[in-house]
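J.: Next comes start37.tsv, TSV, C-alpha atoms and all ligand atoms:
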chain	number	residue	atom	x	y	z
A	215	MET	CA	24.08	0.49	-21.97
A	216	ALA	CA	23.36	3.46	-19.68
A	217	ASP	CA	19.66	3.88	-18.97
A	218	ASP	CA	19.19	7.38	-17.64
A	219	ILE	CA	15.41	7.04	-17.60
A	220	LYS	CA	15.81	4.19	-15.13
A	221	ASN	CA	18.48	6.09	-13.20
A	222	ALA	CA	16.29	9.20	-12.96
A	223	LEU	CA	13.19	7.21	-11.98
A	224	ARG	CA	15.17	5.59	-9.18
A	225	MET	CA	16.15	8.99	-7.80
A	226	MET	CA	12.55	9.69	-6.78
A	227	PRO	CA	12.29	9.08	-3.00
A	228	TYR	CA	9.13	7.08	-2.41
A	229	GLY	CA	7.35	6.28	0.80
A	230	PHE	CA	6.86	2.66	1.77
A	231	TYR	CA	3.53	1.41	3.05
A	232	ALA	CA	1.56	-1.68	3.92
A	233	VAL	CA	-1.61	-1.66	1.85
A	234	SER	CA	-4.41	-3.83	3.14
A	235	THR	CA	-7.55	-5.03	1.38
A	236	ILE	CA	-10.58	-7.16	2.09
A	237	ALA	CA	-13.31	-8.79	0.01
A	238	ASP	CA	-15.74	-11.45	1.17
A	239	GLU	CA	-13.85	-11.72	4.51
A	240	ASP	CA	-10.60	-12.52	2.66
A	241	ALA	CA	-8.06	-9.98	3.93
A	242	ASN	CA	-4.58	-9.37	2.54
A	243	VAL	CA	-1.64	-7.02	3.06
A	244	MET	CA	1.10	-6.09	0.57
A	245	VAL	CA	3.91	-3.54	0.52
A	246	LEU	CA	3.60	-0.64	-1.89
A	247	ASN	CA	5.50	2.54	-2.69
A	248	TRP	CA	3.54	4.02	-5.60
A	249	ALA	CA	1.04	5.98	-3.50
A	250	SER	CA	0.19	9.66	-3.43
A	251	GLN	CA	-2.55	12.05	-2.46
A	252	VAL	CA	-3.82	13.52	-5.74
A	253	SER	CA	-6.65	15.89	-4.68
A	254	TYR	CA	-7.55	18.01	-1.63
A	255	GLU	CA	-11.31	18.22	-2.11
A	256	PRO	CA	-12.36	15.52	-2.14
A	257	ARG	CA	-9.30	13.91	-0.62
A	258	LEU	CA	-8.20	11.44	-3.26
A	259	MET	CA	-5.41	8.90	-3.14
A	260	ALA	CA	-3.92	7.13	-6.16
A	261	ILE	CA	-1.91	3.93	-6.01
A	262	GLY	CA	-0.13	1.99	-8.76
A	263	LEU	CA	-1.24	-1.60	-8.27
A	264	ALA	CA	0.27	-4.63	-10.03
A	265	LYS	CA	-2.33	-6.45	-12.08
A	266	ASN	CA	-0.87	-9.78	-11.02
A	267	ALA	CA	-0.96	-9.07	-7.26
A	268	TYR	CA	-3.41	-11.09	-5.18
A	269	SER	CA	-4.44	-7.76	-3.69
A	270	TYR	CA	-5.51	-6.49	-7.12
A	271	ALA	CA	-8.35	-9.01	-7.36
A	272	LEU	CA	-9.43	-8.16	-3.81
A	273	VAL	CA	-9.46	-4.43	-4.55
A	274	GLN	CA	-11.45	-5.06	-7.74
A	275	GLN	CA	-14.00	-7.06	-5.79
A	276	GLY	CA	-14.14	-5.25	-2.45
A	277	ARG	CA	-13.48	-1.69	-3.76
A	278	VAL	CA	-11.63	-0.72	-0.57
A	279	PHE	CA	-8.07	-0.53	0.71
A	280	ALA	CA	-6.20	0.97	3.64
A	281	ILE	CA	-2.73	2.46	3.74
A	282	ASN	CA	-0.78	1.55	6.87
A	283	ILE	CA	1.99	4.06	7.57
A	284	PHE	CA	4.97	3.01	9.70
A	285	ASN	CA	7.74	4.83	11.51
A	286	LYS	CA	11.36	4.22	10.48
A	287	ALA	CA	11.94	2.55	13.86
A	288	ASP	CA	9.29	-0.06	13.03
A	289	ALA	CA	10.65	-1.10	9.62
A	290	ASP	CA	10.80	-4.76	10.64
A	291	LEU	CA	7.00	-4.84	11.07
A	292	ILE	CA	6.34	-4.19	7.37
A	293	LYS	CA	8.91	-6.57	5.88
A	294	PRO	CA	6.80	-9.77	6.14
A	295	PHE	CA	4.36	-8.27	3.65
A	296	THR	CA	6.85	-8.19	0.78
A	297	LYS	CA	5.85	-11.81	0.12
A	298	GLY	CA	3.10	-12.49	-2.40
A	299	ARG	CA	0.03	-14.36	-1.21
A	300	ALA	CA	0.04	-16.81	-4.15
A	301	LYS	CA	3.37	-18.28	-3.04
A	302	ASN	CA	2.64	-17.77	0.65
A	303	PRO	CA	-0.97	-18.78	1.30
A	304	ASP	CA	-0.43	-18.43	5.07
A	305	LYS	CA	0.83	-14.87	4.80
A	306	MET	CA	-2.05	-13.50	6.91
A	307	LYS	CA	-2.11	-16.35	9.44
A	308	ASP	CA	-0.40	-14.69	12.42
A	309	VAL	CA	-0.96	-11.07	11.48
A	310	VAL	CA	-2.37	-8.96	14.31
A	311	TYR	CA	-4.79	-6.29	13.14
A	312	ALA	CA	-8.10	-4.59	13.75
A	313	PRO	CA	-10.67	-4.00	11.02
A	314	GLY	CA	-10.88	-0.39	9.88
A	315	PRO	CA	-14.21	1.10	11.03
A	316	GLU	CA	-15.23	2.36	7.57
A	317	THR	CA	-13.91	-0.36	5.25
A	318	GLY	CA	-13.03	-3.42	7.34
A	319	CYS	CA	-9.51	-3.37	5.85
A	320	PRO	CA	-6.76	-4.52	8.24
A	321	ILE	CA	-5.22	-1.81	10.37
A	322	LEU	CA	-1.96	-3.36	11.47
A	323	GLU	CA	-0.64	-3.48	15.00
A	324	GLY	CA	2.39	-1.20	15.24
A	325	ALA	CA	1.33	1.16	12.44
A	326	ALA	CA	1.94	4.85	13.16
A	327	ALA	CA	-1.15	5.91	11.20
A	328	TYR	CA	-3.64	4.69	8.65
A	329	LEU	CA	-5.90	5.91	5.87
A	330	GLU	CA	-9.04	4.06	4.79
A	331	CYS	CA	-9.96	4.46	1.14
A	332	LYS	CA	-12.99	3.67	-1.00
A	333	VAL	CA	-12.25	3.03	-4.67
A	334	ILE	CA	-13.70	5.50	-7.16
A	335	ASP	CA	-12.12	4.12	-10.30
A	336	ILE	CA	-9.52	1.65	-11.52
A	337	LEU	CA	-7.76	3.13	-14.54
A	338	HIS	CA	-6.57	0.59	-17.05
A	339	VAL	CA	-3.80	2.46	-18.78
A	340	GLY	CA	-2.05	-0.34	-20.61
A	341	GLY	CA	0.78	-0.91	-18.15
A	342	ASP	CA	1.68	-3.81	-15.89
A	343	HIS	CA	0.17	-1.80	-13.02
A	344	ASP	CA	-3.22	-0.10	-13.00
A	345	ILE	CA	-3.96	3.19	-11.25
A	346	VAL	CA	-6.47	2.88	-8.46
A	347	VAL	CA	-8.08	6.18	-7.48
A	348	ALA	CA	-9.89	6.25	-4.17
A	349	GLU	CA	-11.46	8.67	-1.72
A	350	VAL	CA	-9.94	8.78	1.73
A	351	VAL	CA	-12.94	8.22	4.00
A	352	ASN	CA	-11.25	7.79	7.36
A	353	GLY	CA	-7.88	8.04	9.02
A	354	GLY	CA	-6.24	7.55	12.38
A	355	VAL	CA	-2.95	8.35	14.07
A	356	TYR	CA	-1.47	6.09	16.76
A	357	LYS	CA	2.04	7.56	16.90
A	358	PRO	CA	1.90	11.31	16.19
A	359	GLY	CA	4.97	12.59	14.39
A	360	GLU	CA	6.52	14.37	11.44
A	361	ALA	CA	6.75	12.94	7.91
A	362	GLY	CA	10.52	12.74	8.46
A	363	GLU	CA	9.94	9.95	10.98
A	364	THR	CA	7.88	7.93	8.49
A	365	LEU	CA	9.47	4.90	6.89
A	366	SER	CA	10.42	5.45	3.25
A	367	LEU	CA	12.19	3.33	0.65
A	368	PRO	CA	15.51	5.22	0.81
A	369	ASP	CA	15.66	4.36	4.54
A	370	LEU	CA	15.89	0.69	3.56
A	371	GLY	CA	18.11	1.22	0.52
A	372	TRP	CA	15.42	-0.52	-1.55
A	373	SER	CA	13.98	0.53	-4.88
A	374	TYR	CA	10.80	-0.25	-6.82
A	375	ALA	CA	11.12	2.01	-9.85
A	376	GLY	CA	12.84	2.16	-13.20
B	1	LIG	C1	10.12	-2.23	-2.16
B	1	LIG	C2	8.87	-2.73	-2.83
B	1	LIG	C3	7.96	-1.82	-3.32
B	1	LIG	C4	6.81	-2.26	-3.98
B	1	LIG	N1	5.93	-1.35	-4.47
B	1	LIG	C5	4.83	-1.79	-5.13
B	1	LIG	C6	3.89	-0.88	-5.68
B	1	LIG	O1	4.02	0.34	-5.57
B	1	LIG	N2	2.82	-1.38	-6.33
B	1	LIG	C7	2.62	-2.73	-6.49
B	1	LIG	O2	1.62	-3.13	-7.07
B	1	LIG	N3	3.50	-3.63	-5.98
B	1	LIG	C8	4.59	-3.19	-5.31
B	1	LIG	N4	5.46	-4.09	-4.80
B	1	LIG	C9	5.29	-5.50	-5.10
B	1	LIG	C10	4.25	-6.18	-4.23
B	1	LIG	O3	4.45	-5.88	-2.87
B	1	LIG	C11	4.33	-7.68	-4.45
B	1	LIG	O4	3.95	-7.96	-5.79
B	1	LIG	C12	3.49	-8.47	-3.48
B	1	LIG	O5	3.92	-9.79	-3.54
B	1	LIG	C13	2.01	-8.43	-3.77
B	1	LIG	O6	1.37	-9.17	-2.75
B	1	LIG	P1	0.00	-9.96	-2.98
B	1	LIG	O7	0.20	-10.80	-4.24
B	1	LIG	O8	-0.16	-10.80	-1.75
B	1	LIG	O9	-1.08	-8.95	-3.16
B	1	LIG	C14	6.59	-3.65	-4.13
B	1	LIG	C15	7.50	-4.56	-3.59
B	1	LIG	C16	8.62	-4.11	-2.94
B	1	LIG	C17	9.59	-5.11	-2.38
Please re-express this file's structure in C-alpha cells.
T.:
Amino acid sequence: MADDIKNALRMMPYGFYAVSTIADEDANVMVLNWASQVSYEPRLMAIGLAKNAYSYALVQQGRVFAINIFNKADADLIKPFTKGRAKNPDKMKDVVYAPGPETGCPILEGAAAYLECKVIDILHVGGDHDIVVAEVVNGGVYKPGEAGETLSLPDLGWSYAG
C-alpha cells in the first residue's frame, strides 16, 4: 500500500554527520542525520538519538557530544562509523582523532569542521529516538567552505527517514 507519509518524510534532504561522545574515557563515534540548530541565542542544537545506540548511554552519562562535519569529497572517511559499537567492539581502535578542547569528544581527522555541544536536556517523547538538546560551546573549521560542499545524505543516495 502507498505510504505517502513515508514518501514525504524521505523527501527531506538531511545532512550526514559523525557524532562523537565520551564518558569515563570511553569514546565512540556514530553517523547521524537528524541534527539541526534550533536556537540562535543561546546557540542550541537538537539531535534525534536512538535509545538503543551505544552512543545514547555515553551521552546520558557524559552529557557531551560533538558533531563532525565532512566535505562531500571525504565521504569515505565517515562510512566506517555506520557500524554499531555493540557488534563491533573494536570500532574505535584505529580511529585518528584529537579530543575537543571543551568536551573531550573526538574531533576526527579529515573533518571539515566541528561543533562541541553540552547537553541541556534529553527529551523522552515516547519514540524509538529521544531528542537531545545541547548548547554549542565551541566550534572549529579546518576546511573553510560553503554548505553546498558539505556531505549530505542525498549525496550518498542513502536515507534514514520514513
Ligand atoms: C544514513 C544513516 C543515518 C542515521 N541517522 C541516525 C540518526 O539521525 N540518529 C540515530 O540515532 N541513529 C542514526 N543512524 C543509526 C546509527 O548510526 C546506528 O544505530 C549506529 O550503529 C549507532 O552506533 P553506536 O551503537 O556505536 O552508538 C543512522 C544510520 C545511517 C546509516
J.: Which distance in Å separates CA of Ala260 (chain A) and CA of Leu329 (chain A), to one decimal?
T.: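 Result for CA of Ala260 (chain A) versus CA of Leu329 (chain A): 12.3 Å, one decimal.
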J.: Up to 9 Å from (11.5, 1.0, -8.3) in the file's coordinates: name the residues, counting only C-alpha atoms, as a ChimeraX atom specification.
T.: /A:220,223-224,226,228,247-248,372-376
J.: I need the residue nearest ligand LIG 1 (chain B) from this list: A:Gly276, A:Gly298, A:Gly229, A:Gly359. Use all atoms listed in the file for the distance.
T.: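 Ranked by minimum distance to ligand LIG 1 (chain B), first place goes to A:Gly298.
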J.: Calculate how many Å separate CA of Ala348 (chain A) from CA of Glu323 (chain A), rounding to one decimal.
T.: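 Distance between the two atoms: 23.4 Å.
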J.: With distances taken over all atoms listed in the file, which residue among A:Val350, A:Ile219, A:Ala300, A:Cys331 lies nearest ligand LIG 1 (chain B)?
T.: A:Ala300
J.: What's the 7 Å shell around Ala325 (chain A), counting all atoms listed in the file, without same-chain residues fewer than 6 positions away, as a list in words?
T.: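 Once the nearby chain positions are removed, what remains is Asn282, Ile283 and Phe284 of chain A.
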J.: Could you list, as a VMD selection string, all protein and nucleic acid residues with an atom at most 7 Å from ligand LIG 1 (chain B), counting all atoms listed in the file?
T.: chain A and resid 230 242 to 249 261 to 264 266 to 270 295 to 300 343 367 372 to 374
J.: Using the selection just defined, write its residues with C-alpha atoms as a short mmCIF file (atom, residue, chain, number, x, y, z; two decimals), in the frame of the given file.
T.:
data_model
loop_
_atom_site.label_atom_id
_atom_site.label_comp_id
_atom_site.auth_asym_id
_atom_site.auth_seq_id
_atom_site.Cartn_x
_atom_site.Cartn_y
_atom_site.Cartn_z
CA PHE A 230 6.86 2.66 1.77
CA ASN A 242 -4.58 -9.37 2.54
CA VAL A 243 -1.64 -7.02 3.06
CA MET A 244 1.10 -6.09 0.57
CA VAL A 245 3.91 -3.54 0.52
CA LEU A 246 3.60 -0.64 -1.89
CA ASN A 247 5.50 2.54 -2.69
CA TRP A 248 3.54 4.02 -5.60
CA ALA A 249 1.04 5.98 -3.50
CA ILE A 261 -1.91 3.93 -6.01
CA GLY A 262 -0.13 1.99 -8.76
CA LEU A 263 -1.24 -1.60 -8.27
CA ALA A 264 0.27 -4.63 -10.03
CA ASN A 266 -0.87 -9.78 -11.02
CA ALA A 267 -0.96 -9.07 -7.26
CA TYR A 268 -3.41 -11.09 -5.18
CA SER A 269 -4.44 -7.76 -3.69
CA TYR A 270 -5.51 -6.49 -7.12
CA PHE A 295 4.36 -8.27 3.65
CA THR A 296 6.85 -8.19 0.78
CA LYS A 297 5.85 -11.81 0.12
CA GLY A 298 3.10 -12.49 -2.40
CA ARG A 299 0.03 -14.36 -1.21
CA ALA A 300 0.04 -16.81 -4.15
CA HIS A 343 0.17 -1.80 -13.02
CA LEU A 367 12.19 3.33 0.65
CA TRP A 372 15.42 -0.52 -1.55
CA SER A 373 13.98 0.53 -4.88
CA TYR A 374 10.80 -0.25 -6.82
#
J.: Set the distance at 12 Å and use only C-alpha atoms: which residues neighbour Val278 (chain A) once local chain neighbours fewer than 6 positions away are removed? I'd like the list as an mmCIF file with C-alpha atoms, in the frame of the given file.
T.:
data_model
loop_
_atom_site.group_PDB
_atom_site.id
_atom_site.type_symbol
_atom_site.label_atom_id
_atom_site.label_comp_id
_atom_site.auth_asym_id
_atom_site.auth_seq_id
_atom_site.Cartn_x
_atom_site.Cartn_y
_atom_site.Cartn_z
ATOM 1 C CA VAL A 233 -1.610 -1.660 1.850
ATOM 2 C CA SER A 234 -4.410 -3.830 3.140
ATOM 3 C CA THR A 235 -7.550 -5.030 1.380
ATOM 4 C CA ILE A 236 -10.580 -7.160 2.090
ATOM 5 C CA ALA A 237 -13.310 -8.790 0.010
ATOM 6 C CA ASP A 238 -15.740 -11.450 1.170
ATOM 7 C CA ALA A 241 -8.060 -9.980 3.930
ATOM 8 C CA ASN A 242 -4.580 -9.370 2.540
ATOM 9 C CA MET A 259 -5.410 8.900 -3.140
ATOM 10 C CA SER A 269 -4.440 -7.760 -3.690
ATOM 11 C CA TYR A 270 -5.510 -6.490 -7.120
ATOM 12 C CA ALA A 271 -8.350 -9.010 -7.360
ATOM 13 C CA LEU A 272 -9.430 -8.160 -3.810
ATOM 14 C CA GLY A 314 -10.880 -0.390 9.880
ATOM 15 C CA GLU A 316 -15.230 2.360 7.570
ATOM 16 C CA THR A 317 -13.910 -0.360 5.250
ATOM 17 C CA GLY A 318 -13.030 -3.420 7.340
ATOM 18 C CA CYS A 319 -9.510 -3.370 5.850
ATOM 19 C CA PRO A 320 -6.760 -4.520 8.240
ATOM 20 C CA LEU A 329 -5.900 5.910 5.870
ATOM 21 C CA GLU A 330 -9.040 4.060 4.790
ATOM 22 C CA CYS A 331 -9.960 4.460 1.140
ATOM 23 C CA LYS A 332 -12.990 3.670 -1.000
ATOM 24 C CA VAL A 333 -12.250 3.030 -4.670
ATOM 25 C CA ILE A 334 -13.700 5.500 -7.160
ATOM 26 C CA ASP A 335 -12.120 4.120 -10.300
ATOM 27 C CA ILE A 336 -9.520 1.650 -11.520
ATOM 28 C CA VAL A 346 -6.470 2.880 -8.460
ATOM 29 C CA VAL A 347 -8.080 6.180 -7.480
ATOM 30 C CA ALA A 348 -9.890 6.250 -4.170
ATOM 31 C CA GLU A 349 -11.460 8.670 -1.720
ATOM 32 C CA VAL A 350 -9.940 8.780 1.730
ATOM 33 C CA VAL A 351 -12.940 8.220 4.000
ATOM 34 C CA ASN A 352 -11.250 7.790 7.360
#
J.: Please identify all polymer residues within 6 Å of Ile321 (chain A), counting only C-alpha atoms, omitting same-chain residues fewer than 6 positions from it, and present them as a list in words.
T.: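 What passes the distance filter is Tyr311, Ala312, Pro313 and Gly314 of chain A.
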J.: Between A:Ala280, A:Lys357, A:Val310, A:Gln275, which is the closest to Glu239 (chain A) once you count only C-alpha atoms?
T.: A:Gln275
J.: Determine the axis-aligned bounding box of all atoms of region 356-364 of chain A present in the file, pad each side by 5 Å, and express its centre and edge lengths in Å to one decimal place as AutoDock Vina command-line options.
T.:
--center_x 4.5 --center_y 10.2 --center_z 12.4 --size_x 22.0 --size_y 18.3 --size_z 19.0
J.: Could you state the separation of CA of Ser366 (chain A) and CA of Pro227 (chain A) in Å, given to one decimal place?
T.: 7.5 Å
J.: Pick out the closest residue to Lys265 (chain A) from this set: A:Asp217, A:Asp342, A:Asp369, A:Glu360. Count only C-alpha atoms.
T.: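 That would be A:Asp342, the residue with the smallest distance to Lys265 (chain A).
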J.: Could you check which of A:Gln274, A:Glu363, A:Lys301, A:Ile281 is closest to His338 (chain A), using all atoms listed in the file?
T.: A:Gln274
J.: Could you give me region 333-349 of chain A completed to N, CA and C atoms, formatted as a PDB file, in the frame of the given file?
T.:
ATOM      1  N   VAL A 333     -12.655   2.907  -3.270  1.00  0.00           N
ATOM      2  CA  VAL A 333     -12.250   3.030  -4.670  1.00  0.00           C
ATOM      3  C   VAL A 333     -13.309   3.790  -5.468  1.00  0.00           C
ATOM      4  N   ILE A 334     -12.832   4.757  -6.237  1.00  0.00           N
ATOM      5  CA  ILE A 334     -13.700   5.500  -7.160  1.00  0.00           C
ATOM      6  C   ILE A 334     -13.568   4.933  -8.563  1.00  0.00           C
ATOM      7  N   ASP A 335     -12.334   4.630  -8.954  1.00  0.00           N
ATOM      8  CA  ASP A 335     -12.120   4.120 -10.300  1.00  0.00           C
ATOM      9  C   ASP A 335     -10.795   3.349 -10.363  1.00  0.00           C
ATOM     10  N   ILE A 336     -10.769   2.365 -11.233  1.00  0.00           N
ATOM     11  CA  ILE A 336      -9.520   1.650 -11.520  1.00  0.00           C
ATOM     12  C   ILE A 336      -9.195   1.953 -12.986  1.00  0.00           C
ATOM     13  N   LEU A 337      -8.109   2.687 -13.188  1.00  0.00           N
ATOM     14  CA  LEU A 337      -7.760   3.130 -14.540  1.00  0.00           C
ATOM     15  C   LEU A 337      -6.847   2.115 -15.207  1.00  0.00           C
ATOM     16  N   HIS A 338      -7.353   1.559 -16.289  1.00  0.00           N
ATOM     17  CA  HIS A 338      -6.570   0.590 -17.050  1.00  0.00           C
ATOM     18  C   HIS A 338      -5.817   1.375 -18.122  1.00  0.00           C
ATOM     19  N   VAL A 339      -4.543   1.560 -17.897  1.00  0.00           N
ATOM     20  CA  VAL A 339      -3.800   2.460 -18.780  1.00  0.00           C
ATOM     21  C   VAL A 339      -2.765   1.730 -19.635  1.00  0.00           C
ATOM     22  N   GLY A 340      -2.893   0.427 -19.698  1.00  0.00           N
ATOM     23  CA  GLY A 340      -2.050  -0.340 -20.610  1.00  0.00           C
ATOM     24  C   GLY A 340      -0.714  -0.767 -20.048  1.00  0.00           C
ATOM     25  N   GLY A 341      -0.487  -0.513 -18.759  1.00  0.00           N
ATOM     26  CA  GLY A 341       0.780  -0.910 -18.150  1.00  0.00           C
ATOM     27  C   GLY A 341       0.640  -2.204 -17.361  1.00  0.00           C
ATOM     28  N   ASP A 342       1.745  -2.604 -16.722  1.00  0.00           N
ATOM     29  CA  ASP A 342       1.680  -3.810 -15.890  1.00  0.00           C
ATOM     30  C   ASP A 342       1.060  -3.507 -14.517  1.00  0.00           C
ATOM     31  N   HIS A 343       0.905  -2.223 -14.214  1.00  0.00           N
ATOM     32  CA  HIS A 343       0.170  -1.800 -13.020  1.00  0.00           C
ATOM     33  C   HIS A 343      -1.027  -0.949 -13.483  1.00  0.00           C
ATOM     34  N   ASP A 344      -2.103  -1.010 -12.757  1.00  0.00           N
ATOM     35  CA  ASP A 344      -3.220  -0.100 -13.000  1.00  0.00           C
ATOM     36  C   ASP A 344      -3.196   0.990 -11.936  1.00  0.00           C
ATOM     37  N   ILE A 345      -3.908   2.082 -12.210  1.00  0.00           N
ATOM     38  CA  ILE A 345      -3.960   3.190 -11.250  1.00  0.00           C
ATOM     39  C   ILE A 345      -5.309   3.145 -10.541  1.00  0.00           C
ATOM     40  N   VAL A 346      -5.243   2.951  -9.247  1.00  0.00           N
ATOM     41  CA  VAL A 346      -6.470   2.880  -8.460  1.00  0.00           C
ATOM     42  C   VAL A 346      -6.667   4.223  -7.768  1.00  0.00           C
ATOM     43  N   VAL A 347      -7.774   4.874  -8.082  1.00  0.00           N
ATOM     44  CA  VAL A 347      -8.080   6.180  -7.480  1.00  0.00           C
ATOM     45  C   VAL A 347      -9.173   5.975  -6.443  1.00  0.00           C
ATOM     46  N   ALA A 348      -8.954   6.517  -5.257  1.00  0.00           N
ATOM     47  CA  ALA A 348      -9.890   6.250  -4.170  1.00  0.00           C
ATOM     48  C   ALA A 348     -10.063   7.481  -3.293  1.00  0.00           C
ATOM     49  N   GLU A 349     -11.231   7.575  -2.671  1.00  0.00           N
ATOM     50  CA  GLU A 349     -11.460   8.670  -1.720  1.00  0.00           C
ATOM     51  C   GLU A 349     -11.051   8.223  -0.324  1.00  0.00           C
TER      52      GLU A 349
END
